[in-house]
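Report on the following structure.
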Amino acid sequence: MNSIQNIQQLREFLTVYNTLSERCFNACARDYTTSTLTKDEGSCVSQCIDKQMLVNRRFMLVFAEQAPKALFKQGEQSPTEAIKSASATKSEPVSPPESTQTAIVEEKQFVWETISIENTNFQAMSIISEHGFRMDGRRPAQIRNINTRLGLNRNAEGSCYLEHGNTKVLCAVYGPYEGKASKRLEDRCAIVCQYSTTTFSGLERKNRPRGDRKSTEISRLLEKAFESVILTESFPRSQIDIFCEVIQGDGSNLAACVNATSLALADAGIPMKGIASAATCGIVETKPIVDLTSREETDLLPRVTLATICGRDEVILVELQNRLHIDHLSVVMDAAKATCADVYECLAVVAQQHLKACAPILGN
Amino acid sequence: MSSEVLRGIDPRGYFSTFFREGVFPDGRGLLDEQKLVFKQGECGGVGSSVVSTQGVTVSCSIEASVSLVSDAPLVDINIEPSQQLPEKDAEEYNSLLLSLFTIDNFVKRENLRCLDICDKMLPLEWQLHVTIKVLSLEGSLLDAVVCAIGAALADTKLPSIALDHADTDESVIEKNQIRADYRSMHKLTLEEPLMCCSFGIFVDSEKSKELLLLAPNFEAISVCRATCSVIVGKDNMVAVRERGRLGNFSLLKKMCQITAERRQKFVETLRST
């Protein structure tokens, strides 16, 4: 069985190799008077190969992302059929962005309608099935399982390992300690946060685990959020360092980081206004879906990450990805708020259990 | 004199006295808009603008260069450091503005393809280098920067490109085969301009009520419990940045509405110019 697979792999490799060689030869080899490649031919060949490899890599990534969706939709209508049936059954036209009069604008309006139907149906089909389930079998308002372990890192004052479905985050808190003079604040403590991801955390292998634009942005968001949660006035001229590392990213990474940091701060015994809980919510055809996975976090789906204190109406973080229609804002925010309250209940139980486990050590 | 003493020793009490009456210390209503002044084409480059609003004045100039078609980002933004603007904040603004370009909010990627004199698309793309200079900073920088970029892009005109390279020729395009023809210029096709408004949320301790303040200055921000910047496009909310604790969800919708109204006025003015 293995030998058959090996032969198959060798055959596939040779096919790719031969196709590539032939294409490069046809496209790049110009001078047949010498046996060696000229400078121009050499650069052409290397560009050709780079391009081919890039296309191949992209193709594999898209395939890895799309194949499960295609499998999930077995037995359902194809996107084209769905669009046709939607256009046939839809009695009321989708309202265009502006009222229009002229023929040219009417033509544009038709195109807009078609695109709109295509987008919404395709989105809805890929994210929520006709029976109302998502790709991983959850209901739209259902969160993934949360597993946590506190106090894993003995060198840190507080630490937490949190699994939010397949999103896995490790957080460590150091301090409060007398930090660098440049970062010192006279009246309160400085919060310094570093967000990083492992190179293998996502579908695409990352070159830089930290310090890229996205990581810096998330670090700043976390800093801002926890500046309003921690009682910073209790520790003037000091510093608290928070390190968050996404070991495996499967959507809602920022929300998972907020939740992990909250528990790590509680483990460190740092006084806070309450436990912060966060959730990411999106909207598909006016229906909110909560706790998104990486497959659901598409470029078209607007999503909001919201963090509140103790699940109450105290927002400490709002982050929006992609355009969100103003009319949908209250729907998404309400769903996110309710989800934050659910997540808070889970985190509060974890914190209470941890406190009970620590009671013999503390002598209470 | 007594009010100045109160301002120094109890800024919160000083501001709350005014806010309870529904005004800022300068007499402006809490949700009254401040004047936005902009001028296009004054700072060089292929497009530029100077914007002044809410005590902030910024200039934005756009330089363009030609590159081969690739997946690389076509826009880079540089907010020049100044004494008033901390480096960390400048990086944050840079990152936010770049993300707005990445998701095609200001200009779509396909509209940055080079065109020849007959409006035919060439296998070349324009790369835009946006430089922001902060001239004065007494309020929210983001509000002015977003308007400045929108105005500068609306002012941008790019030359036609003459490419001396056959379509069927698969060899690499050389630098000397590309020539800019400034006799015919193309206006950049833009997406709808964006508008950003910054708000402060002040909590009146006596009435325990949250008050929304439009475009507070730095002094007023220091007594606010939270600040929030909202960026909106046509009917859509594009980005939001919040700092502090926001207690009332309905305020966010109100912020969006105010920003959308202001955006409409800005768009109309931009069209008329």
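Just so we're on the same page: first chain in the structure tokens is A, next is B, and so on; residues restart at 1 for each chain, and ligands are numbered from 1 in the order they show up.
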* To do: Please identify all polymer residues within 12 Å of Thr269 in chain B, counting only C-alpha atoms, omitting same-chain residues fewer than 2 positions from it, and present them as a list in words.
  =>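 What passes the distance filter is Leu36, Val37, Phe38, Lys39, Cys147, Ala151, Ala154, Pro193, Arg262, Arg263, Gln264, Lys265, Phe266, Val267, Arg271, Ser272 and Thr273 of chain B.
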* Asked: Got a sec to pull out which chain A residues are within 7 Å of chain B, counting only C-alpha atoms, and send them as an MDAnalysis selection string?
  -> chainID A and resid 27 213 217 224:225 228 313:320 322:326
May I have the selected residues written with N, CA and C atoms, as a short mmCIF file (atom, residue, chain, number, x, y, z; two decimals), in the first residue's frame?
data_model
loop_
_atom_site.label_atom_id
_atom_site.label_comp_id
_atom_site.auth_asym_id
_atom_site.auth_seq_id
_atom_site.Cartn_x
_atom_site.Cartn_y
_atom_site.Cartn_z
N ALA A 27 9.14 29.85 -22.17
CA ALA A 27 8.98 31.28 -21.90
C ALA A 27 10.30 32.02 -21.83
N ARG A 213 2.48 44.58 12.03
CA ARG A 213 1.47 45.62 12.22
C ARG A 213 0.27 45.13 13.02
N GLU A 217 -0.93 46.29 16.80
CA GLU A 217 -2.26 46.87 16.97
C GLU A 217 -3.02 46.14 18.08
N LYS A 224 -4.85 49.17 26.23
CA LYS A 224 -5.91 50.15 26.49
C LYS A 224 -7.05 49.53 27.29
N ALA A 225 -7.42 48.30 26.91
CA ALA A 225 -8.54 47.64 27.59
C ALA A 225 -8.21 47.39 29.06
N SER A 228 -8.20 50.17 31.77
CA SER A 228 -9.47 50.53 32.40
C SER A 228 -9.99 49.44 33.33
N ASP A 313 -22.88 46.37 31.53
CA ASP A 313 -22.86 47.34 30.43
C ASP A 313 -21.63 48.25 30.50
N GLU A 314 -20.50 47.73 30.82
CA GLU A 314 -19.30 48.57 30.88
C GLU A 314 -18.32 48.08 29.83
N VAL A 315 -18.31 48.76 28.71
CA VAL A 315 -17.49 48.34 27.57
C VAL A 315 -16.07 48.85 27.75
N ILE A 316 -15.10 47.95 27.62
CA ILE A 316 -13.70 48.39 27.72
C ILE A 316 -12.96 48.24 26.40
N LEU A 317 -13.56 47.52 25.48
CA LEU A 317 -12.90 47.33 24.18
C LEU A 317 -13.95 47.11 23.09
N VAL A 318 -13.82 47.85 22.02
CA VAL A 318 -14.65 47.60 20.83
C VAL A 318 -13.70 47.59 19.64
N GLU A 319 -13.73 46.55 18.89
CA GLU A 319 -12.89 46.50 17.68
C GLU A 319 -13.74 46.00 16.52
N LEU A 320 -13.68 46.73 15.43
CA LEU A 320 -14.51 46.37 14.28
C LEU A 320 -13.64 45.95 13.11
N ASN A 322 -13.97 44.94 9.01
CA ASN A 322 -14.85 45.06 7.84
C ASN A 322 -16.00 46.03 8.11
N ARG A 323 -16.67 46.39 7.03
CA ARG A 323 -17.71 47.41 7.15
C ARG A 323 -18.98 46.83 7.77
N LEU A 324 -19.53 47.57 8.70
CA LEU A 324 -20.77 47.14 9.36
C LEU A 324 -21.83 48.20 9.08
N HIS A 325 -22.97 47.76 8.56
CA HIS A 325 -24.05 48.71 8.29
C HIS A 325 -24.54 49.29 9.61
N ILE A 326 -24.79 50.60 9.61
CA ILE A 326 -25.15 51.27 10.87
C ILE A 326 -26.43 50.67 11.46
#
* To do: Skip Leu115 in chain B itself and residues of its chain fewer than 5 positions away, then list as a PyMOL selection string all residues within 12 Å of it, counting only C-alpha atoms.
  => chain B and resi 66+110+120-126+157-163+178-181+184-188
* To do: Excluding Pro216 in chain B and residues on its chain fewer than 4 positions from it, collect all residues at most 10 Å away from it, counting only C-alpha atoms, and give them as a list in words.
  => Phe24, Leu30, Leu31, Gln54, Gly55, Glu138, Gly139, Ser140, Ser198, Phe199, Gly200, Ile201, Leu212, Ala220, Ile221, Ser222, Cys224 and Thr227 of chain B
Please produce a file of the residues just selected, as a PDB file, in the first residue's frame, where the atoms kept are C-alpha atoms.
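The resulting file, selection-v4.pdb, is reproduced below:
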ATOM      1  CA  PHE B  24     -18.074  73.552  26.878  1.00  0.00           C
ATOM      2  CA  LEU B  30     -21.672  69.587  23.828  1.00  0.00           C
ATOM      3  CA  LEU B  31     -22.625  68.128  20.446  1.00  0.00           C
ATOM      4  CA  GLN B  54     -10.957  71.189  16.284  1.00  0.00           C
ATOM      5  CA  GLY B  55      -7.591  72.753  17.025  1.00  0.00           C
ATOM      6  CA  GLU B 138      -4.934  70.466  20.365  1.00  0.00           C
ATOM      7  CA  GLY B 139      -7.513  67.712  19.889  1.00  0.00           C
ATOM      8  CA  SER B 140      -8.085  64.435  18.102  1.00  0.00           C
ATOM      9  CA  SER B 198     -13.930  61.697  18.294  1.00  0.00           C
ATOM     10  CA  PHE B 199     -16.102  61.780  21.372  1.00  0.00           C
ATOM     11  CA  GLY B 200     -15.565  61.979  25.090  1.00  0.00           C
ATOM     12  CA  ILE B 201     -17.844  60.321  27.635  1.00  0.00           C
ATOM     13  CA  LEU B 212     -21.521  62.668  25.239  1.00  0.00           C
ATOM     14  CA  ALA B 220     -11.637  68.026  28.626  1.00  0.00           C
ATOM     15  CA  ILE B 221     -10.465  64.522  27.644  1.00  0.00           C
ATOM     16  CA  SER B 222      -8.461  64.293  30.872  1.00  0.00           C
ATOM     17  CA  CYS B 224     -13.614  62.013  30.638  1.00  0.00           C
ATOM     18  CA  THR B 227     -12.993  58.407  24.627  1.00  0.00           C
TER      19      THR B 227
END
* **Spatial neighbours of Ile132 in chain B, 12 Å, only C-alpha atoms, chain gap at least 5 places, as a ChimeraX atom specification** => /B:43,48-51,57-63,76-82,90,93-94,97,141-142,144-149,152
Taking C-alpha atoms for each residue, export the selection above as a PDB file, in the first residue's frame.
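Output file part.pdb follows:
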ATOM      1  CA  CYS B  43       1.621  70.890  -0.586  1.00  0.00           C
ATOM      2  CA  SER B  48      -2.346  67.225  -1.416  1.00  0.00           C
ATOM      3  CA  SER B  49      -4.475  68.954   1.170  1.00  0.00           C
ATOM      4  CA  VAL B  50      -4.309  70.967   4.358  1.00  0.00           C
ATOM      5  CA  VAL B  51      -7.075  70.393   6.900  1.00  0.00           C
ATOM      6  CA  THR B  57      -4.037  71.251  11.580  1.00  0.00           C
ATOM      7  CA  VAL B  58      -2.452  68.632   9.342  1.00  0.00           C
ATOM      8  CA  SER B  59      -1.090  68.561   5.840  1.00  0.00           C
ATOM      9  CA  CYS B  60      -1.238  65.514   3.618  1.00  0.00           C
ATOM     10  CA  SER B  61       0.759  65.096   0.443  1.00  0.00           C
ATOM     11  CA  ILE B  62       0.712  62.111  -1.893  1.00  0.00           C
ATOM     12  CA  GLU B  63       3.655  61.025  -4.041  1.00  0.00           C
ATOM     13  CA  ASP B  76       2.243  53.413   2.561  1.00  0.00           C
ATOM     14  CA  ILE B  77       1.496  56.060   5.126  1.00  0.00           C
ATOM     15  CA  ASN B  78       3.975  58.010   7.136  1.00  0.00           C
ATOM     16  CA  ILE B  79       2.871  60.328   9.920  1.00  0.00           C
ATOM     17  CA  GLU B  80       5.940  62.453  10.504  1.00  0.00           C
ATOM     18  CA  PRO B  81       6.953  62.502  14.171  1.00  0.00           C
ATOM     19  CA  SER B  82       6.548  65.730  16.063  1.00  0.00           C
ATOM     20  CA  ALA B  90       1.831  57.792  15.576  1.00  0.00           C
ATOM     21  CA  TYR B  93      -2.626  55.860  13.738  1.00  0.00           C
ATOM     22  CA  ASN B  94      -0.413  54.585  10.929  1.00  0.00           C
ATOM     23  CA  LEU B  97      -5.014  54.184   8.421  1.00  0.00           C
ATOM     24  CA  LEU B 141      -5.558  63.902  15.319  1.00  0.00           C
ATOM     25  CA  LEU B 142      -7.474  61.085  13.668  1.00  0.00           C
ATOM     26  CA  ALA B 144      -8.253  65.712  10.802  1.00  0.00           C
ATOM     27  CA  VAL B 145      -6.045  63.017   9.241  1.00  0.00           C
ATOM     28  CA  VAL B 146      -8.976  61.023   7.822  1.00  0.00           C
ATOM     29  CA  CYS B 147     -10.420  64.186   6.224  1.00  0.00           C
ATOM     30  CA  ALA B 148      -6.988  65.225   4.935  1.00  0.00           C
ATOM     31  CA  ILE B 149      -6.400  61.880   3.227  1.00  0.00           C
ATOM     32  CA  ALA B 152      -5.800  64.776  -0.916  1.00  0.00           C
TER      33      ALA B 152
END
* Write down as an MDAnalysis selection string the residues of range 12-160 of chain B whose backbone DSSP state falls under helix (DSSP H, G or I). => chainID B and resid 12:20 87:102 109:112 141:155
* Asked: Which is closer to Gly47 in chain B than all the others in B:Glu219, B:Asp119, B:Asp155, B:Glu206, using only C-alpha atoms?
  ->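 Looking at the shortest contact to Gly47 in chain B, the residue is B:Asp155.
Of the listed residues B:Leu211, B:Leu135, B:Val5, B:Val107, the one whose atoms come nearest to Glu21 in chain B is B:Leu211, with distances taken using only C-alpha atoms.
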* Asked: Suppose you want the space between CA of Thr168 in chain B and CA of Leu54 in chain A; what is it in Å?
  ->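 Distance between the two atoms: 22.7 Å.
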* If we count only C-alpha atoms, what is near Thr305 in chain A at a cut-off of 9 Å, once residues fewer than 3 positions away on the same chain are taken out, given as number ranges by chain? -> A: 252, 254-255, 278-282, 317-321, 336
Output N, CA and C atoms for every residue in the selection just made, as a PDB file, in the first residue's frame.
ATOM      1  N   SER A 252     -11.497  34.484  16.649  1.00  0.00           N
ATOM      2  CA  SER A 252     -11.717  35.194  17.918  1.00  0.00           C
ATOM      3  C   SER A 252     -10.451  35.225  18.771  1.00  0.00           C
ATOM      4  N   LEU A 254      -8.423  37.755  19.505  1.00  0.00           N
ATOM      5  CA  LEU A 254      -8.353  38.890  20.430  1.00  0.00           C
ATOM      6  C   LEU A 254      -9.229  38.636  21.655  1.00  0.00           C
ATOM      7  N   ALA A 255     -10.428  38.118  21.416  1.00  0.00           N
ATOM      8  CA  ALA A 255     -11.342  37.838  22.534  1.00  0.00           C
ATOM      9  C   ALA A 255     -10.728  36.794  23.470  1.00  0.00           C
ATOM     10  N   ALA A 278     -14.661  38.788  26.931  1.00  0.00           N
ATOM     11  CA  ALA A 278     -14.786  39.311  25.561  1.00  0.00           C
ATOM     12  C   ALA A 278     -15.361  38.255  24.627  1.00  0.00           C
ATOM     13  N   ALA A 279     -15.939  38.730  23.551  1.00  0.00           N
ATOM     14  CA  ALA A 279     -16.485  37.827  22.527  1.00  0.00           C
ATOM     15  C   ALA A 279     -16.473  38.528  21.175  1.00  0.00           C
ATOM     16  N   THR A 280     -16.355  37.729  20.137  1.00  0.00           N
ATOM     17  CA  THR A 280     -16.417  38.267  18.776  1.00  0.00           C
ATOM     18  C   THR A 280     -17.743  37.869  18.139  1.00  0.00           C
ATOM     19  N   CYS A 281     -18.409  38.836  17.550  1.00  0.00           N
ATOM     20  CA  CYS A 281     -19.701  38.561  16.907  1.00  0.00           C
ATOM     21  C   CYS A 281     -19.713  39.073  15.482  1.00  0.00           C
ATOM     22  N   GLY A 282     -20.389  38.360  14.626  1.00  0.00           N
ATOM     23  CA  GLY A 282     -20.537  38.798  13.240  1.00  0.00           C
ATOM     24  C   GLY A 282     -22.005  38.840  12.893  1.00  0.00           C
ATOM     25  N   LEU A 317     -13.562  47.522  25.477  1.00  0.00           N
ATOM     26  CA  LEU A 317     -12.900  47.328  24.184  1.00  0.00           C
ATOM     27  C   LEU A 317     -13.951  47.110  23.088  1.00  0.00           C
ATOM     28  N   VAL A 318     -13.820  47.850  22.021  1.00  0.00           N
ATOM     29  CA  VAL A 318     -14.650  47.595  20.826  1.00  0.00           C
ATOM     30  C   VAL A 318     -13.698  47.593  19.641  1.00  0.00           C
ATOM     31  N   GLU A 319     -13.727  46.548  18.886  1.00  0.00           N
ATOM     32  CA  GLU A 319     -12.894  46.500  17.676  1.00  0.00           C
ATOM     33  C   GLU A 319     -13.743  46.004  16.520  1.00  0.00           C
ATOM     34  N   LEU A 320     -13.680  46.726  15.430  1.00  0.00           N
ATOM     35  CA  LEU A 320     -14.515  46.374  14.278  1.00  0.00           C
ATOM     36  C   LEU A 320     -13.643  45.953  13.109  1.00  0.00           C
ATOM     37  N   GLN A 321     -13.989  44.860  12.489  1.00  0.00           N
ATOM     38  CA  GLN A 321     -13.314  44.403  11.273  1.00  0.00           C
ATOM     39  C   GLN A 321     -14.339  44.391  10.144  1.00  0.00           C
ATOM     40  N   ALA A 336     -23.307  40.584  21.106  1.00  0.00           N
ATOM     41  CA  ALA A 336     -21.964  40.538  21.699  1.00  0.00           C
ATOM     42  C   ALA A 336     -22.034  40.723  23.210  1.00  0.00           C
TER      43      ALA A 336
END
* So which residues touch Tyr14 in chain B within 12 Å, counting only C-alpha atoms, skipping near sequence neighbours fewer than 5 positions away, as a PyMOL selection string? -> chain B and resi 2-9+19-21+24-25+204+219-220+223
Could you dump the residues just selected with N, CA and C atoms as a PDB file, in the first residue's frame?
ATOM      1  N   SER B   2     -11.441  83.382  40.102  1.00  0.00           N
ATOM      2  CA  SER B   2     -11.844  82.231  40.912  1.00  0.00           C
ATOM      3  C   SER B   2     -12.061  80.994  40.050  1.00  0.00           C
ATOM      4  N   SER B   3     -12.590  81.219  38.823  1.00  0.00           N
ATOM      5  CA  SER B   3     -12.826  80.074  37.931  1.00  0.00           C
ATOM      6  C   SER B   3     -11.493  79.448  37.486  1.00  0.00           C
ATOM      7  N   GLU B   4     -10.486  80.294  37.301  1.00  0.00           N
ATOM      8  CA  GLU B   4      -9.164  79.776  36.911  1.00  0.00           C
ATOM      9  C   GLU B   4      -8.550  78.951  38.036  1.00  0.00           C
ATOM     10  N   VAL B   5      -8.791  79.392  39.283  1.00  0.00           N
ATOM     11  CA  VAL B   5      -8.286  78.642  40.447  1.00  0.00           C
ATOM     12  C   VAL B   5      -8.973  77.286  40.508  1.00  0.00           C
ATOM     13  N   LEU B   6     -10.308  77.309  40.315  1.00  0.00           N
ATOM     14  CA  LEU B   6     -11.079  76.059  40.336  1.00  0.00           C
ATOM     15  C   LEU B   6     -10.591  75.124  39.233  1.00  0.00           C
ATOM     16  N   ARG B   7     -10.301  75.689  38.081  1.00  0.00           N
ATOM     17  CA  ARG B   7      -9.825  74.911  36.928  1.00  0.00           C
ATOM     18  C   ARG B   7      -8.509  74.209  37.269  1.00  0.00           C
ATOM     19  N   GLY B   8      -7.662  74.909  38.029  1.00  0.00           N
ATOM     20  CA  GLY B   8      -6.357  74.339  38.384  1.00  0.00           C
ATOM     21  C   GLY B   8      -6.448  73.287  39.462  1.00  0.00           C
ATOM     22  N   ILE B   9      -7.255  73.543  40.501  1.00  0.00           N
ATOM     23  CA  ILE B   9      -7.256  72.606  41.641  1.00  0.00           C
ATOM     24  C   ILE B   9      -8.301  71.495  41.500  1.00  0.00           C
ATOM     25  N   PHE B  19     -20.562  71.344  31.839  1.00  0.00           N
ATOM     26  CA  PHE B  19     -21.212  70.235  31.124  1.00  0.00           C
ATOM     27  C   PHE B  19     -22.672  70.053  31.571  1.00  0.00           C
ATOM     28  N   ARG B  20     -22.917  70.315  32.863  1.00  0.00           N
ATOM     29  CA  ARG B  20     -24.299  70.198  33.358  1.00  0.00           C
ATOM     30  C   ARG B  20     -25.218  71.190  32.649  1.00  0.00           C
ATOM     31  N   GLU B  21     -24.653  72.307  32.238  1.00  0.00           N
ATOM     32  CA  GLU B  21     -25.438  73.324  31.516  1.00  0.00           C
ATOM     33  C   GLU B  21     -25.465  73.046  30.008  1.00  0.00           C
ATOM     34  N   PHE B  24     -19.500  73.576  26.549  1.00  0.00           N
ATOM     35  CA  PHE B  24     -18.074  73.552  26.878  1.00  0.00           C
ATOM     36  C   PHE B  24     -17.709  74.914  27.497  1.00  0.00           C
ATOM     37  N   PRO B  25     -16.562  75.010  28.171  1.00  0.00           N
ATOM     38  CA  PRO B  25     -16.186  76.316  28.742  1.00  0.00           C
ATOM     39  C   PRO B  25     -16.102  77.435  27.702  1.00  0.00           C
ATOM     40  N   ASP B 204     -21.292  62.468  34.985  1.00  0.00           N
ATOM     41  CA  ASP B 204     -21.655  63.455  35.995  1.00  0.00           C
ATOM     42  C   ASP B 204     -21.890  62.700  37.304  1.00  0.00           C
ATOM     43  N   GLU B 219      -7.729  68.958  27.472  1.00  0.00           N
ATOM     44  CA  GLU B 219      -8.049  69.248  28.866  1.00  0.00           C
ATOM     45  C   GLU B 219      -9.373  68.577  29.266  1.00  0.00           C
ATOM     46  N   ALA B 220     -10.341  68.648  28.346  1.00  0.00           N
ATOM     47  CA  ALA B 220     -11.637  68.026  28.626  1.00  0.00           C
ATOM     48  C   ALA B 220     -11.521  66.501  28.609  1.00  0.00           C
ATOM     49  N   VAL B 223     -10.679  64.656  31.875  1.00  0.00           N
ATOM     50  CA  VAL B 223     -11.697  64.402  32.909  1.00  0.00           C
ATOM     51  C   VAL B 223     -12.779  63.427  32.419  1.00  0.00           C
TER      52      VAL B 223
END
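Atom to atom, CA of Gly179 in chain A and CA of Asn153 in chain A stand 20.8 Å apart.
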* To do: Could you jot down the CA of His164 in chain A to CA of Cys346 in chain A separation for me, Å, one decimal place?
  => 11.3 Å
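Using only C-alpha atoms, the smallest distance between any of A:Gln239, A:Gln353, A:Ser43, A:Gln248 and Asp187 in chain A comes from A:Gln239.
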